[in-house]
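K.L.:
You'll find target_18.txt just under this line, and it carries compact mmCIF, C-alpha atoms.
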```
# COMPACT_ATOMS: atom_id res chain seq x y z
CA MET Y 26 -33.16 28.12 -49.04
CA THR Y 27 -30.89 29.65 -51.70
CA ASP Y 28 -27.33 28.46 -52.26
CA GLU Y 29 -26.05 31.67 -50.62
CA GLN Y 30 -28.22 31.10 -47.56
CA ARG Y 31 -27.18 27.46 -47.41
CA ASN Y 32 -23.51 28.36 -47.62
CA ALA Y 33 -23.94 30.99 -44.90
CA TYR Y 34 -25.72 28.47 -42.69
CA GLU Y 35 -23.04 25.84 -43.23
CA ARG Y 36 -20.27 28.31 -42.33
CA LYS Y 37 -22.08 29.20 -39.11
CA ALA Y 38 -22.90 25.56 -38.34
CA GLU Y 39 -19.27 24.56 -38.80
CA LEU Y 40 -18.19 27.44 -36.58
CA PHE Y 41 -20.73 26.37 -33.94
CA VAL Y 42 -19.73 22.69 -33.91
CA GLY Y 43 -16.02 23.17 -34.37
CA GLU Y 44 -14.20 19.88 -33.90
CA ASN Y 45 -15.84 16.87 -35.58
CA TYR Y 46 -18.23 18.94 -37.68
CA VAL Y 47 -18.22 16.33 -40.47
CA TYR Y 48 -19.77 13.77 -38.13
CA TYR Y 49 -22.60 16.06 -36.98
CA GLU Y 50 -23.22 17.41 -40.50
CA LYS Y 51 -23.77 13.85 -41.62
CA GLN Y 52 -26.15 13.16 -38.72
CA TRP Y 53 -28.15 16.34 -39.41
CA ARG Y 54 -28.23 16.08 -43.18
CA GLY Y 55 -31.81 16.06 -44.49
CA ARG Y 56 -33.20 17.07 -41.11
CA MET Y 57 -33.43 20.83 -41.48
CA ILE Y 58 -37.05 20.88 -40.33
CA GLN Y 59 -37.29 17.64 -38.36
CA GLN Y 60 -35.59 18.51 -35.08
CA ASN Y 61 -36.63 15.48 -33.02
CA PHE Y 62 -34.97 12.36 -34.32
CA SER Y 63 -33.13 9.35 -33.02
CA SER Y 64 -29.62 8.34 -34.02
CA TRP Y 65 -26.64 7.09 -32.08
CA ASN Y 66 -23.68 8.87 -30.52
CA TRP Y 67 -21.14 6.54 -28.94
CA ALA Y 68 -19.27 9.30 -27.11
CA ALA Y 69 -22.51 10.57 -25.58
CA PHE Y 70 -23.47 7.02 -24.59
CA PHE Y 71 -20.21 6.12 -22.84
CA PHE Y 72 -19.45 9.57 -21.37
CA PRO Y 73 -22.78 11.49 -21.27
CA LEU Y 74 -21.82 14.02 -18.60
CA TYR Y 75 -18.45 14.80 -20.15
CA TRP Y 76 -19.96 15.00 -23.63
CA LEU Y 77 -22.59 17.49 -22.46
CA VAL Y 78 -20.14 19.85 -20.76
CA TYR Y 79 -17.64 19.43 -23.60
CA ARG Y 80 -20.36 20.67 -25.97
CA LYS Y 81 -21.19 23.52 -23.53
CA MET Y 82 -24.56 22.14 -22.47
CA TYR Y 83 -23.87 22.94 -18.83
CA PHE Y 84 -27.43 23.03 -17.54
CA GLU Y 85 -28.18 19.72 -19.24
CA GLY Y 86 -25.00 18.29 -17.70
CA PHE Y 87 -26.11 19.48 -14.27
CA VAL Y 88 -29.54 17.89 -14.70
CA PHE Y 89 -27.94 14.66 -15.89
CA GLY Y 90 -25.64 14.64 -12.86
CA VAL Y 91 -28.52 15.18 -10.41
CA ILE Y 92 -30.59 12.40 -11.98
CA SER Y 93 -27.53 10.15 -12.01
CA LEU Y 94 -27.31 10.51 -8.24
CA CYS Y 95 -30.74 8.91 -8.06
CA GLY Y 96 -29.21 5.99 -9.93
CA MET Y 97 -27.20 5.26 -6.79
CA ILE Y 98 -30.49 4.63 -5.01
CA PHE Y 99 -32.49 3.06 -7.83
CA PRO Y 100 -30.42 0.53 -9.82
CA GLY Y 101 -30.86 0.68 -13.57
CA ILE Y 102 -31.48 4.42 -13.85
CA GLY Y 103 -27.85 5.06 -14.79
CA LEU Y 104 -27.91 2.65 -17.73
CA ILE Y 105 -31.25 4.04 -18.97
CA LEU Y 106 -29.84 7.57 -18.87
CA HIS Y 107 -26.76 6.55 -20.86
CA ILE Y 108 -28.94 4.93 -23.52
CA LEU Y 109 -31.29 7.92 -23.78
CA VAL Y 110 -28.43 10.36 -24.11
CA GLY Y 111 -26.76 8.11 -26.68
CA ILE Y 112 -29.97 8.01 -28.78
CA TYR Y 113 -30.98 11.66 -28.59
CA ALA Y 114 -27.64 13.46 -28.21
CA ASN Y 115 -27.38 14.39 -31.89
CA SER Y 116 -31.00 15.55 -31.98
CA TYR Y 117 -30.67 17.71 -28.87
CA TYR Y 118 -27.37 19.14 -30.06
CA ARG Y 119 -29.12 20.01 -33.30
CA LYS Y 120 -31.75 21.95 -31.36
CA MET Y 121 -29.07 23.86 -29.53
CA GLU Y 122 -27.32 24.69 -32.79
CA LEU Y 123 -30.52 26.02 -34.41
CA LYS Y 124 -31.36 28.04 -31.31
CA VAL Y 125 -27.93 29.72 -31.27
CA LEU Y 126 -27.86 30.41 -35.01
CA ALA Y 127 -31.38 31.87 -34.84
CA GLN Y 128 -29.95 34.74 -32.76
CA THR Y 129 -27.41 35.80 -35.40
CA PRO Y 130 -29.29 37.17 -38.48
CA GLN Y 131 -29.62 40.63 -36.96
CA LEU Y 132 -25.95 40.77 -35.90
CA THR Y 133 -22.98 41.95 -37.89
CA GLU Y 134 -20.70 39.25 -39.22
CA TRP Y 135 -18.14 39.94 -36.49
CA GLU Y 136 -20.80 39.96 -33.74
CA ALA Y 137 -22.34 36.77 -35.11
CA THR Y 138 -18.97 35.06 -35.15
CA GLN Y 139 -18.25 36.04 -31.53
CA TYR Y 140 -21.73 34.99 -30.40
CA ILE Y 141 -21.43 31.57 -32.06
CA LYS Y 142 -17.95 30.98 -30.62
CA LYS Y 143 -19.21 31.88 -27.15
CA HIS Y 144 -22.19 29.53 -27.23
CA GLY Y 145 -20.77 26.85 -29.50
CA GLY Y 146 -17.51 25.05 -29.98
CA THR Y 147 -16.04 22.83 -27.27
CA ASN Y 148 -14.79 23.24 -23.71
CA VAL Y 149 -12.03 20.84 -22.66
CA LEU Y 150 -11.69 22.55 -19.29
CA GLY Y 151 -15.33 21.69 -18.58
CA ILE Y 152 -14.43 18.00 -18.69
CA PHE Y 153 -11.81 18.41 -15.97
CA ILE Y 154 -14.16 20.50 -13.83
CA ALA Y 155 -16.91 17.88 -14.20
CA LEU Y 156 -14.40 15.15 -13.30
CA MET Y 157 -13.31 17.04 -10.17
CA ILE Y 158 -16.92 17.54 -9.09
CA GLU Y 159 -17.64 13.84 -9.64
CA VAL Y 160 -14.60 12.86 -7.57
CA LEU Y 161 -15.63 15.27 -4.82
CA LEU Y 162 -19.21 13.98 -4.74
CA ALA Y 163 -18.01 10.38 -4.83
CA SER Y 164 -15.70 11.11 -1.88
CA VAL Y 165 -18.58 12.63 0.06
CA PHE Y 166 -20.88 9.68 -0.61
CA ILE Y 167 -18.14 7.17 0.20
CA GLY Y 168 -17.39 9.07 3.40
CA ILE Y 169 -21.06 9.04 4.38
CA ALA Y 170 -21.30 5.33 3.58
CA LEU Y 171 -18.18 4.55 5.62
CA LEU Y 172 -19.41 6.66 8.53
CA SER Y 173 -22.74 4.88 8.42
CA SER Y 174 -20.95 1.53 8.32
CA VAL Y 175 -18.80 2.46 11.31
CA LYS Y 176 -21.86 3.61 13.25
CA ASP Y 177 -23.66 0.37 12.41
CA GLU Y 178 -20.64 -1.62 13.54
CA ILE Y 179 -20.41 0.33 16.78
CA ASN Y 180 -24.12 -0.07 17.41
CA SER Y 181 -23.84 -3.76 16.60
CA GLN Y 182 -21.01 -4.12 19.06
CA ILE Y 183 -23.01 -2.31 21.71
CA VAL Y 184 -26.01 -4.52 21.13
CA GLN Y 185 -23.86 -7.65 21.05
CA SER Y 186 -22.19 -7.02 24.41
CA LYS Y 187 -23.16 -7.34 28.03
CA THR Y 188 -21.80 -5.94 31.29
CA PHE Y 189 -20.99 -7.95 34.43
CA THR Y 190 -19.87 -6.38 37.69
CA THR Y 191 -18.20 -7.04 41.01
CA ASP Y 192 -18.73 -4.77 43.99
CA ASN Y 193 -16.26 -2.20 42.69
CA PHE Y 194 -15.64 -2.91 39.00
CA SER Y 195 -17.54 -3.52 35.79
CA PHE Y 196 -16.46 -5.45 32.69
CA THR Y 197 -17.87 -5.63 29.17
CA PHE Y 198 -18.13 -9.10 27.63
CA PRO Y 199 -19.24 -10.27 24.18
CA ASN Y 200 -22.86 -11.33 24.00
CA ASP Y 201 -22.00 -15.03 23.81
CA TRP Y 202 -20.61 -15.02 27.35
CA LYS Y 203 -22.57 -15.79 30.50
CA GLN Y 204 -21.93 -15.42 34.21
CA ASP Y 205 -21.41 -18.34 36.55
CA MET Y 206 -23.71 -17.53 39.45
CA ASP Y 207 -22.47 -20.43 41.62
CA THR Y 208 -18.80 -19.44 41.90
CA THR Y 209 -17.45 -18.84 45.43
CA SER Y 210 -13.67 -18.48 45.01
CA LEU Y 211 -14.00 -15.63 42.50
CA ASP Y 212 -15.93 -12.38 42.75
CA LEU Y 213 -16.92 -12.78 39.11
CA LYS Y 214 -16.62 -15.75 36.78
CA CYS Y 215 -17.77 -15.71 33.17
CA TYR Y 216 -17.36 -18.08 30.25
CA THR Y 217 -18.57 -18.67 26.72
CA TYR Y 218 -21.58 -20.91 26.23
CA ASP Y 219 -19.29 -23.70 24.99
CA GLU Y 220 -17.10 -23.08 28.10
CA GLN Y 221 -13.95 -22.91 26.00
CA LEU Y 222 -13.01 -19.37 27.16
CA ILE Y 223 -13.07 -18.50 30.84
CA ALA Y 224 -12.50 -15.24 32.69
CA GLY Y 225 -12.46 -14.73 36.45
CA VAL Y 226 -12.16 -11.57 38.55
CA LEU Y 227 -10.95 -11.05 42.09
CA ASP Y 228 -12.01 -7.75 43.63
CA TYR Y 229 -9.54 -6.62 46.31
CA ASP Y 230 -9.44 -3.90 48.94
CA ILE Y 231 -5.94 -2.66 49.79
CA ALA Y 232 -7.01 -2.35 53.42
CA ASP Y 233 -7.24 -6.15 53.61
CA PHE Y 234 -3.48 -6.45 53.09
CA ALA Y 235 -0.56 -5.63 55.29
CA ASP Y 236 0.90 -2.16 54.88
CA ASN Y 237 3.90 -3.40 52.93
CA ILE Y 238 1.82 -5.35 50.35
CA SER Y 239 1.13 -3.51 47.10
CA PRO Y 240 -1.35 -4.46 44.32
CA GLU Y 241 1.59 -5.77 42.28
CA ASP Y 242 2.63 -7.94 45.24
CA ALA Y 243 -0.92 -9.28 45.34
CA LEU Y 244 -0.59 -10.16 41.66
CA SER Y 245 2.59 -12.10 42.37
CA LEU Y 246 0.92 -13.91 45.28
CA TYR Y 247 -1.96 -14.95 43.01
CA ILE Y 248 0.46 -16.24 40.38
CA ASP Y 249 2.26 -18.26 43.07
CA GLU Y 250 -1.05 -19.74 44.20
CA LEU Y 251 -2.00 -20.63 40.61
CA GLN Y 252 1.36 -22.33 40.18
CA THR Y 253 0.54 -24.74 43.02
CA GLN Y 254 -2.60 -25.80 41.14
CA CYS Y 255 -0.91 -26.56 37.80
CA ASP Y 256 1.80 -28.82 36.51
CA ASN Y 257 4.60 -27.50 34.31
CA PHE Y 258 3.65 -23.92 35.18
CA GLN Y 259 5.82 -21.63 33.04
CA PHE Y 260 6.14 -17.93 32.34
CA ILE Y 261 5.68 -17.10 28.64
CA GLU Y 262 5.79 -13.32 28.28
CA ASN Y 263 4.84 -9.91 29.62
CA LEU Y 264 1.92 -8.82 27.47
CA LYS Y 265 1.22 -5.34 28.76
CA ASP Y 266 2.13 -2.78 31.39
CA GLU Y 267 0.37 0.45 30.53
CA THR Y 268 -0.89 3.45 32.45
CA VAL Y 269 -3.51 5.64 30.79
CA GLU Y 270 -4.80 8.61 32.77
CA ASP Y 271 -5.77 7.19 36.18
CA ARG Y 272 -5.69 3.47 35.31
CA ARG Y 273 -2.88 0.95 35.10
CA ILE Y 274 -3.21 -2.40 33.36
CA LYS Y 275 -0.49 -5.03 33.67
CA THR Y 276 -0.85 -8.44 32.01
CA VAL Y 277 1.44 -11.47 32.06
CA LEU Y 278 1.01 -14.78 30.26
CA TYR Y 279 1.71 -18.22 31.73
CA SER Y 280 1.08 -21.79 30.65
CA GLY Y 281 0.26 -24.79 32.81
CA ASP Y 282 -1.12 -28.33 32.67
CA THR Y 283 -4.33 -29.38 34.37
CA ASP Y 284 -5.66 -32.93 34.03
CA SER Y 285 -3.08 -33.53 31.27
CA PHE Y 286 -4.37 -30.59 29.22
CA LYS Y 287 -2.29 -27.50 28.56
CA TYR Y 288 -3.83 -24.09 29.20
CA TYR Y 289 -2.76 -20.51 28.76
CA TYR Y 290 -3.39 -18.11 31.63
CA ALA Y 291 -3.47 -14.38 30.94
CA ILE Y 292 -3.29 -12.76 34.37
CA SER Y 293 -3.96 -9.02 34.64
CA LEU Y 294 -3.80 -6.39 37.33
CA ALA Y 295 -6.17 -3.41 37.05
CA GLU Y 296 -5.60 -0.58 39.51
CA PHE Y 297 -6.80 3.00 39.61
CA LYS Y 298 -5.09 6.08 40.98
CA ASP Y 299 -6.53 7.38 44.27
CA LEU Y 300 -8.66 4.25 44.64
CA ASP Y 301 -8.00 1.76 47.43
CA LYS Y 302 -9.49 -1.05 45.36
CA PHE Y 303 -7.94 -3.12 42.58
CA ALA Y 304 -8.82 -6.17 40.51
CA ILE Y 305 -6.96 -9.24 39.33
CA ILE Y 306 -8.36 -10.82 36.19
CA VAL Y 307 -7.36 -14.31 35.07
CA GLU Y 308 -8.40 -15.56 31.65
CA SER Y 309 -7.76 -19.11 30.50
CA THR Y 310 -8.18 -21.33 27.47
CA SER Y 311 -6.17 -23.71 25.30
CA PRO Y 312 -3.09 -22.29 23.53
CA SER Y 313 -4.71 -22.49 20.07
CA LEU Y 314 -7.90 -20.77 21.18
CA TYR Y 315 -5.93 -18.14 23.07
CA LYS Y 316 -4.13 -17.12 19.88
CA LYS Y 317 -7.47 -16.96 18.08
CA HIS Y 318 -9.31 -15.00 20.78
CA LYS Y 319 -6.47 -12.97 22.27
CA SER Y 320 -8.15 -9.70 21.26
CA THR Y 321 -11.31 -10.72 23.14
CA PHE Y 322 -9.32 -11.28 26.33
CA VAL Y 323 -7.56 -7.94 25.86
CA ASP Y 324 -10.89 -6.13 25.31
CA ILE Y 325 -12.38 -7.63 28.47
CA VAL Y 326 -9.49 -6.43 30.62
CA ASP Y 327 -9.38 -3.02 28.92
CA SER Y 328 -13.12 -2.59 29.60
CA CYS Y 329 -12.51 -2.58 33.36
CA GLN Y 330 -14.11 0.47 34.93
CA THR Y 331 -14.94 1.46 38.47
CA VAL Y 332 -18.55 1.11 39.56
CA GLN Y 333 -19.91 4.55 40.39
```
Could I get this structure in the form of structure tokens?

P.N.:
Amino acid sequence: MTDEQRNAYERKAELFVGENYVYYEKQWRGRMIQQNFSSWNWAAFFFPLYWLVYRKMYFEGFVFGVISLCGMIFPGIGLILHILVGIYANSYYRKMELKVLAQTPQLTEWEATQYIKKHGGTNVLGIFIALMIEVLLASVFIGIALLSSVKDEINSQIVQSKTFTTDNFSFTFPNDWKQDMDTTSLDLKCYTYDEQLIAGVLDYDIADFADNISPEDALSLYIDELQTQCDNFQFIENLKDETVEDRRIKTVLYSGDTDSFKYYYAISLAEFKDLDKFAIIVESTSPSLYKKHKSTFVDIVDSCQTVQ
């Protein structure tokens, strides 16, 4: 290569690389024929995708991004890709440079300049576009992962629950509850295997009461009866009085002593519009366990449905 040819090549190479030409000229020096070589490019190692699109290697950036997705499934692929790009970035960029410059000898100087600028140089906007695509893809994958997690949790809850029924109502209990088959005073009695949480259900028919007795009156009568069975029976708070569609749930909380032990009693009324049946649910445990398992008691009452 003559000095004139070398100078012409260097002008085109500098135009192709643009920013940071000194670095790449040093990496390529003495490698005019040898196109495959290993070196090290820190920017390409740490930010391979952004480096590729910044240097207008869009197809290569796309391929890198697709393979990187596999790295989410197979651990270690991402690091290997970063290392490979870091080692061969300068070599591959050299190939791209030679390929572009090889198209210019037959062009006029102005045409060659425009061609090199189009295919060489840098693209800062490409970095932002690549970043936006990464954020979008990450959001999609995170959304899929969260959806899968929610589905697994729902399925787990379904598997880890059981349904017990009275003649007219059904209730969903956690899987660690069992039914007391020997109870006579309650239509349904369930408790945890350690018997620390207890729930009982009374299934009523409005026809069994006098005309002037409402389901809420029946709730008050039950509370009065429970008071006769406990010492220091005290009202604590109204927990809930809510009507959703055709169902009303009312829950009150009392405390009382039995055999010198204090218990909390969450007493609920479940009644349905246009149904002449209603249920009273009483749930009991120690005050400390009630605070810990309050949500379980709430879920049991809220699960009340009519038996079709």

K.L.:
Using all atoms listed in the file, which protein or nucleic acid residues come within 6 Å of segment 264-275 of chain Y? Drop anything in the same chain fewer than 3 positions from it, and give the result as a list in words.

P.N.:
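Everything that qualifies: Ser293, Leu294, Ala295, Glu296, Phe297 and Lys298 of chain Y.
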
K.L.:
Pick the closest to Pro73 of chain Y from Y:Ile167, Y:Ala114, Y:Leu156, Y:Leu213: which is it, counting all atoms listed in the file?

P.N.:
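For Pro73 of chain Y, the nearest of the given residues is Y:Ala114.
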
K.L.:
Which residue out of Y:Arg119, Y:Phe166, Y:Asp228, Y:Lys316 has the minimum interatomic distance to Ile98 of chain Y when only C-alpha atoms are used?

P.N.:
Y:Phe166

K.L.:
Choose the residue, out of Y:Ile92, Y:Ile112, Y:Ala163, Y:Ile105, that has the smallest atom-to-atom separation from Trp65 of chain Y; count all atoms listed in the file.

P.N.:
Y:Ile112

K.L.:
What is the distance between atom CA of Phe260 of chain Y and atom CA of Lys214 of chain Y, in Å to one decimal?

P.N.:
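About the pair atom CA of Phe260 of chain Y and atom CA of Lys214 of chain Y: they are 23.3 Å apart.
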
K.L.:
Using 6 Å as the limit and counting only C-alpha atoms, can you tabulate each residue of segment 294-333 of chain Y that touches segment 215-227 of chain Y, with its shortest atom-to-atom distance in Å and the two atoms involved, as a Markdown table?

P.N.:
```
| residue | atom | partner | partner_atom | distance |
| --- | --- | --- | --- | --- |
| Y:Ala304 | CA | Y:Leu227 | CA | 5.6 |
| Y:Ile305 | CA | Y:Leu227 | CA | 5.2 |
| Y:Ile306 | CA | Y:Val226 | CA | 4.5 |
| Y:Val307 | CA | Y:Gly225 | CA | 5.3 |
| Y:Glu308 | CA | Y:Ala224 | CA | 4.2 |
| Y:Ser309 | CA | Y:Ile223 | CA | 5.4 |
| Y:Thr310 | CA | Y:Leu222 | CA | 5.2 |
```

K.L.:
Have a look at atom CA of Phe189 of chain Y and atom CA of Thr209 of chain Y and let me know their distance in Å, one decimal.

P.N.:
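Between atom CA of Phe189 of chain Y and atom CA of Thr209 of chain Y the gap is 15.9 Å.
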
K.L.:
Quick one: pull the distance between atom CA of Leu300 of chain Y and atom CA of Ala232 of chain Y, Å, one decimal.

P.N.:
11.1 Å

K.L.:
Looking at only C-alpha atoms, which of Y:Tyr113, Y:Phe194, Y:Tyr46, Y:Phe41 is the one that sits closest to Thr331 of chain Y?

P.N.:
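Nearest to Thr331 of chain Y: Y:Phe194.
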
K.L.:
Which of these, Y:Lys142, Y:Lys37, Y:Arg31, Y:His107, has the shortest distance to Ala68 of chain Y once you count only C-alpha atoms?

P.N.:
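Looking only at the distances to Ala68 of chain Y, the closest residue turns out to be Y:His107.
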
K.L.:
Using only C-alpha atoms, which of Y:Gln259, Y:Asn45, Y:Thr188, Y:Thr276 sits nearest Leu244 of chain Y?

P.N.:
Y:Thr276

K.L.:
The residues within 8 Å of (0.9, -27.4, 31.5), using only C-alpha atoms and the coordinates of the file, should be reported as a list in words; which are they?

P.N.:
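Counting only C-alpha atoms, I find these residues within 8 Å of (0.9, -27.4, 31.5): Cys255, Asp256, Asn257, Phe258, Gln259, Ser280, Gly281, Asp282, Thr283, Ser285, Phe286, Lys287 and Tyr288 of chain Y.
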